[in-house]
Amino acid sequence: MFATVRRYNVDRDKLDELVTRVQGVEQIFKQLPGHVAYYLVRSEGGTMAAVAIFEDRAAAESSSRVAAKWIRENVADLMGAPTDVTIGEVVAHG
């Protein structure tokens, strides 16, 4: 399994709207080959983390391009570029 993890800093006043809009990307990820799971994590401090799990590296890398395009087209007004993007093999899970 492989995962992509993206972290974003978001204005606290925009978090609720962002969460509402991001629900649309879940459906896109579910249609990607090799999709396993998608999670959106909201911290109290205004940081959002998106975690997507895929069966292989190619699917994870493809999802990164899909996510970047979706963000530009749907939520760019609410957030900037990711502060950190990690794509890698899942080496432990429970």
# chains A, B, ... in the order shown; residues from 1 in each chain; ligands from 1
>>> select_by_dssp(residues="chain A", states="alpha helix (DSSP H)", output="PyMOL selection string")
chain A and resi 15-31+57-74
>>> write_last_selection(atoms="C-alpha atoms", output="compact mmCIF listing (two decimals), in the first residue's frame")
# COMPACT_ATOMS: atom_id res chain seq x y z
CA LEU A 15 -12.56 25.74 7.65
CA ASP A 16 -16.27 24.84 7.68
CA GLU A 17 -16.75 25.90 4.07
CA LEU A 18 -13.63 24.02 3.03
CA VAL A 19 -14.83 20.81 4.72
CA THR A 20 -18.19 21.10 2.95
CA ARG A 21 -16.57 21.54 -0.47
CA VAL A 22 -13.91 18.86 -0.01
CA GLN A 23 -16.54 16.17 0.33
CA GLY A 24 -16.75 16.24 -3.48
CA VAL A 25 -13.18 15.05 -3.92
CA GLU A 26 -13.96 11.84 -2.03
CA GLN A 27 -16.13 10.65 -4.92
CA ILE A 28 -13.34 11.36 -7.40
CA PHE A 29 -10.79 9.38 -5.38
CA LYS A 30 -13.19 6.44 -5.04
CA GLN A 31 -13.26 6.16 -8.84
CA ARG A 57 2.77 3.82 -6.05
CA ALA A 58 1.44 4.60 -9.52
CA ALA A 59 -2.09 5.06 -8.17
CA ALA A 60 -0.83 7.27 -5.31
CA GLU A 61 1.18 9.45 -7.69
CA SER A 62 -1.76 9.72 -10.08
CA SER A 63 -4.01 10.79 -7.22
CA SER A 64 -1.64 13.63 -6.42
CA ARG A 65 -2.14 15.10 -9.90
CA VAL A 66 -5.91 14.62 -9.63
CA ALA A 67 -5.98 16.31 -6.22
CA ALA A 68 -3.91 19.28 -7.38
CA LYS A 69 -6.25 19.87 -10.32
CA TRP A 70 -9.37 19.50 -8.17
CA ILE A 71 -8.01 21.95 -5.60
CA ARG A 72 -7.23 24.56 -8.27
CA GLU A 73 -10.73 24.24 -9.71
CA ASN A 74 -12.80 23.96 -6.51
>>> select_by_dssp(residues="chain A", states="strand (DSSP E)", output="JSON list (two decimals) with C-alpha atoms, in the first residue's frame")
[["chain", "number", "residue", "atom", "x", "y", "z"],
["A", 2, "PHE", "CA", 1.01, 3.59, -0.65],
["A", 3, "ALA", "CA", -0.23, 6.83, 0.83],
["A", 4, "THR", "CA", -0.31, 10.50, -0.02],
["A", 5, "VAL", "CA", -0.39, 12.99, 2.81],
["A", 6, "ARG", "CA", -0.98, 16.68, 2.13],
["A", 7, "ARG", "CA", -0.94, 19.37, 4.81],
["A", 8, "TYR", "CA", -2.50, 22.80, 4.39],
["A", 9, "ASN", "CA", -2.77, 25.89, 6.53],
["A", 35, "HIS", "CA", -8.14, 3.51, -4.26],
["A", 36, "VAL", "CA", -8.36, 2.13, -0.72],
["A", 37, "ALA", "CA", -9.35, 5.05, 1.55],
["A", 38, "TYR", "CA", -9.44, 8.84, 1.90],
["A", 39, "TYR", "CA", -9.39, 10.83, 5.14],
["A", 40, "LEU", "CA", -9.53, 14.56, 5.85],
["A", 41, "VAL", "CA", -8.19, 15.60, 9.25],
["A", 42, "ARG", "CA", -9.02, 18.99, 10.72],
["A", 47, "THR", "CA", -4.21, 22.89, 9.72],
["A", 48, "MET", "CA", -5.91, 20.39, 7.42],
["A", 49, "ALA", "CA", -4.35, 17.08, 6.43],
["A", 50, "ALA", "CA", -5.62, 14.95, 3.57],
["A", 51, "VAL", "CA", -4.58, 11.30, 3.65],
["A", 52, "ALA", "CA", -5.29, 9.00, 0.71],
["A", 53, "ILE", "CA", -4.40, 5.30, 0.62],
["A", 54, "PHE", "CA", -3.82, 3.37, -2.63],
["A", 84, "ASP", "CA", 3.88, 19.65, 2.72],
["A", 85, "VAL", "CA", 3.19, 16.68, 0.42],
["A", 86, "THR", "CA", 4.42, 13.16, 1.16],
["A", 87, "ILE", "CA", 3.96, 10.15, -1.12],
["A", 88, "GLY", "CA", 5.33, 6.87, 0.11],
["A", 89, "GLU", "CA", 4.94, 3.25, 1.03]]
>>> closest_residue(among="A:Ala76, A:Ser43, A:Glu55, A:Val10", to="Val90 (chain A)", atoms="only C-alpha atoms")
A:Glu55
>>> closest_residue(among="A:Gly46, A:Ala92, A:Lys14, A:Asp56", to="Gly34 (chain A)", atoms="only C-alpha atoms")
A:Asp56
